[in-house]
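Engineer: Below is one structure. I have some questions about it.
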Amino acid sequence: MEQFLLYYQRPEPATWAFLSTFLVIGIYFMFHRILCVRNMDIALLVLFAPGLMMVYEGRKLRLAEKEANISKIANLLVSYQQNDPSDSDTAAANQPSLKEVTQDSEDVKTGQVRQRSSPGELNRPKTGWTADRLEYWGFVWLLSVCGALLLRMLLDTAMVRRPLLEPNLSSGGLTFIAVSLFLFLMANILTCTPDEQRIRGGRLGPGYVLLNTLPDISTSDFEERNARAALEGERRSWRVSTARLLAIAANLTIAVGMVLIGYFHYENLKMGIGAAGLFLLLPYTAQMTGRLDHMIPGACLIVALLCFRLPVLSGIAIGCTAGLVYYPFFLLPLWLSFYWQRGLRRFLIGFFSSLAALTVTLSFLGEGSLISNLQTMYGIFPPAIEGLQGIWGLGWHPYFRLPVMVAFVLLAISFVFWPAQKNLATLGSCSAAIMIAAQFWHGYGGGLYAAWFLPFVLLTIFRPNLDHSVALHAVRPFRSRESELERRATEDSVNLAQAG
């Protein structure tokens, strides 16, 4: 961003979290109605920031420890090479063995810090906030907020009264703030250093096969510093350019999609602009702007909700999301039951067409065998127990993921039966509930993937009453002879009624 504005420096995430929190409260908090659901929703969104910052600081501390250990190992190697251990018994006692130095080097390369029996810099502190402890409690905080949001989304189907609570700023002011924020965030994407997922290490679970072929754009200072050292030679590669374009397109799709949903489906442009502006204001968006595995699925899901009147396009969007990150496969029971009365066949055609296109793309771009990539893409393997990240790799026993997964599958299937009458409102809130529930068994950073559900949550917060937006009324019938006859019969009945 320094190339665009003189003396500009990206604010620290903590600074951005404080400033954005003040703006969110000032613009969206209902001061004239303190005890209302809208204020509770804003409080939940604000409470997401502390957990996010704890995870950020924990990872930053871990990287600092890794850099310190790399410097320590380098000094030990230089010292070993410059001094001959056979000169004296004292030198031999003070010099580390070559096997020990080599083992420390391998540990540092893999991101592990090995405990040593003697005190020194390589020892992790036994008291205070270590990197693991800070990150662990950050994930606990995030999942606690996700649990509250999950309950809120499930209860939204029972909320009948939807009072009009507009933001405290005019539509022009909201548009100005949203456009300004978007330009600043996209400028960060253009100027930051790419970061390969394989450099960060660790599997990302089912899905992600195609996304692993592209780098992420690290908008956090400490991640950018690590990526610059690792990938200086790939700065101008086509993968980096593609990643930047996709990240900008995904963020633009989310913001514009929310505005269009407000305009076309809510019949209130200010609500759509307010939801998009709130998404751009959140600290999460500033940190994860360049993360393709966060933003691309969120963009596809917003397109699916925007095009719900066109089942083919919704099916294509849901299929793309499921093929990229796997977890949206569990949206199928909800969306199939929504289109059950009309549009089911067209939705399935779009869904399987997008999966077929992704499979063909995988055969050209995927690394490794096609069979192995397809198994990972569609999650055809037992649940992982080892090598997990996030809360399941920091303290929670991996075997407890199994009952959580069973409960999640039962929740997803239950949406076939309830709510009995599904409309656009239940489609949005229940989709958000499924994506929130997926965070609890996501073994590779569950709780951080808020872009999968935050747009749906924000649209649910701002939505009006949408009981009339059911598939039978909103989706046009397929242009066949039967539908044409049905249309003519309806017109004849209307004409007869008017004549009578």
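Residues are named by chain letter and number: chains run A, B, ... in the order of the structure tokens, numbers start at 1 in each chain, and ligands are numbered from 1 in the order shown.
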Report the residues of segment 136-362 of chain A whose backbone DSSP state falls under helix (DSSP H, G or I), written as a PyMOL selection string.
Structural biologist: chain A and resi 136-156+171-191+197-200+211-213+221-230+232-234+238-264+269-281+283-288+292-306+311-325+327-338+344-362
Engineer: For Arg345 of chain A, which of A:Ala178, A:Ile461, A:Leu310, A:Ala450 is the closest residue, counting only C-alpha atoms?
Structural biologist: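 Looking only at the distances to Arg345 of chain A, the closest residue turns out to be A:Leu310.
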Engineer: Could you name the residues that touch Ser469 of chain A at 12 Å or less, counting only C-alpha atoms, but leaving out those on the same chain fewer than 3 positions away, as a PyMOL selection string?
Structural biologist: chain A and resi 264-266+305+308-309+338-339+421-428+464-466+472-475
Engineer: Within 9 Å of Asp41 of chain A, counting only C-alpha atoms, which residues qualify if same-chain residues fewer than 4 places away don't, as a ChimeraX atom specification?
Structural biologist: /A:37,45-46,149,152,458,461
Engineer: The selected residues should be written to file as a PDB file, in the first residue's frame (atoms: N, CA, C and O atoms).
Structural biologist:
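The file below, result-v4.pdb, is the result:
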ATOM      1  N   VAL A  37     -32.951  -7.526  19.516  1.00  0.00           N
ATOM      2  CA  VAL A  37     -32.168  -8.619  18.955  1.00  0.00           C
ATOM      3  C   VAL A  37     -31.002  -8.096  18.119  1.00  0.00           C
ATOM      4  O   VAL A  37     -29.922  -8.689  18.097  1.00  0.00           O
ATOM      5  N   LEU A  45     -21.053 -10.374  16.967  1.00  0.00           N
ATOM      6  CA  LEU A  45     -20.063 -10.122  15.925  1.00  0.00           C
ATOM      7  C   LEU A  45     -18.822  -9.446  16.492  1.00  0.00           C
ATOM      8  O   LEU A  45     -17.698  -9.749  16.079  1.00  0.00           O
ATOM      9  N   VAL A  46     -19.010  -8.530  17.432  1.00  0.00           N
ATOM     10  CA  VAL A  46     -17.865  -7.864  18.058  1.00  0.00           C
ATOM     11  C   VAL A  46     -17.051  -8.847  18.890  1.00  0.00           C
ATOM     12  O   VAL A  46     -15.808  -8.780  18.934  1.00  0.00           O
ATOM     13  N   LEU A 149     -23.739 -18.132  17.871  1.00  0.00           N
ATOM     14  CA  LEU A 149     -24.277 -17.798  16.553  1.00  0.00           C
ATOM     15  C   LEU A 149     -25.102 -18.943  15.981  1.00  0.00           C
ATOM     16  O   LEU A 149     -26.122 -18.718  15.315  1.00  0.00           O
ATOM     17  N   ARG A 152     -28.412 -18.797  17.565  1.00  0.00           N
ATOM     18  CA  ARG A 152     -29.141 -17.655  17.016  1.00  0.00           C
ATOM     19  C   ARG A 152     -29.722 -17.967  15.639  1.00  0.00           C
ATOM     20  O   ARG A 152     -30.863 -17.616  15.332  1.00  0.00           O
ATOM     21  N   LEU A 458     -25.010 -12.098   8.429  1.00  0.00           N
ATOM     22  CA  LEU A 458     -25.312 -10.671   8.293  1.00  0.00           C
ATOM     23  C   LEU A 458     -26.611 -10.449   7.533  1.00  0.00           C
ATOM     24  O   LEU A 458     -27.412  -9.574   7.886  1.00  0.00           O
ATOM     25  N   ILE A 461     -29.412 -11.105   9.865  1.00  0.00           N
ATOM     26  CA  ILE A 461     -29.603 -10.009  10.815  1.00  0.00           C
ATOM     27  C   ILE A 461     -30.413  -8.876  10.199  1.00  0.00           C
ATOM     28  O   ILE A 461     -31.286  -8.291  10.849  1.00  0.00           O
TER      29      ILE A 461
END
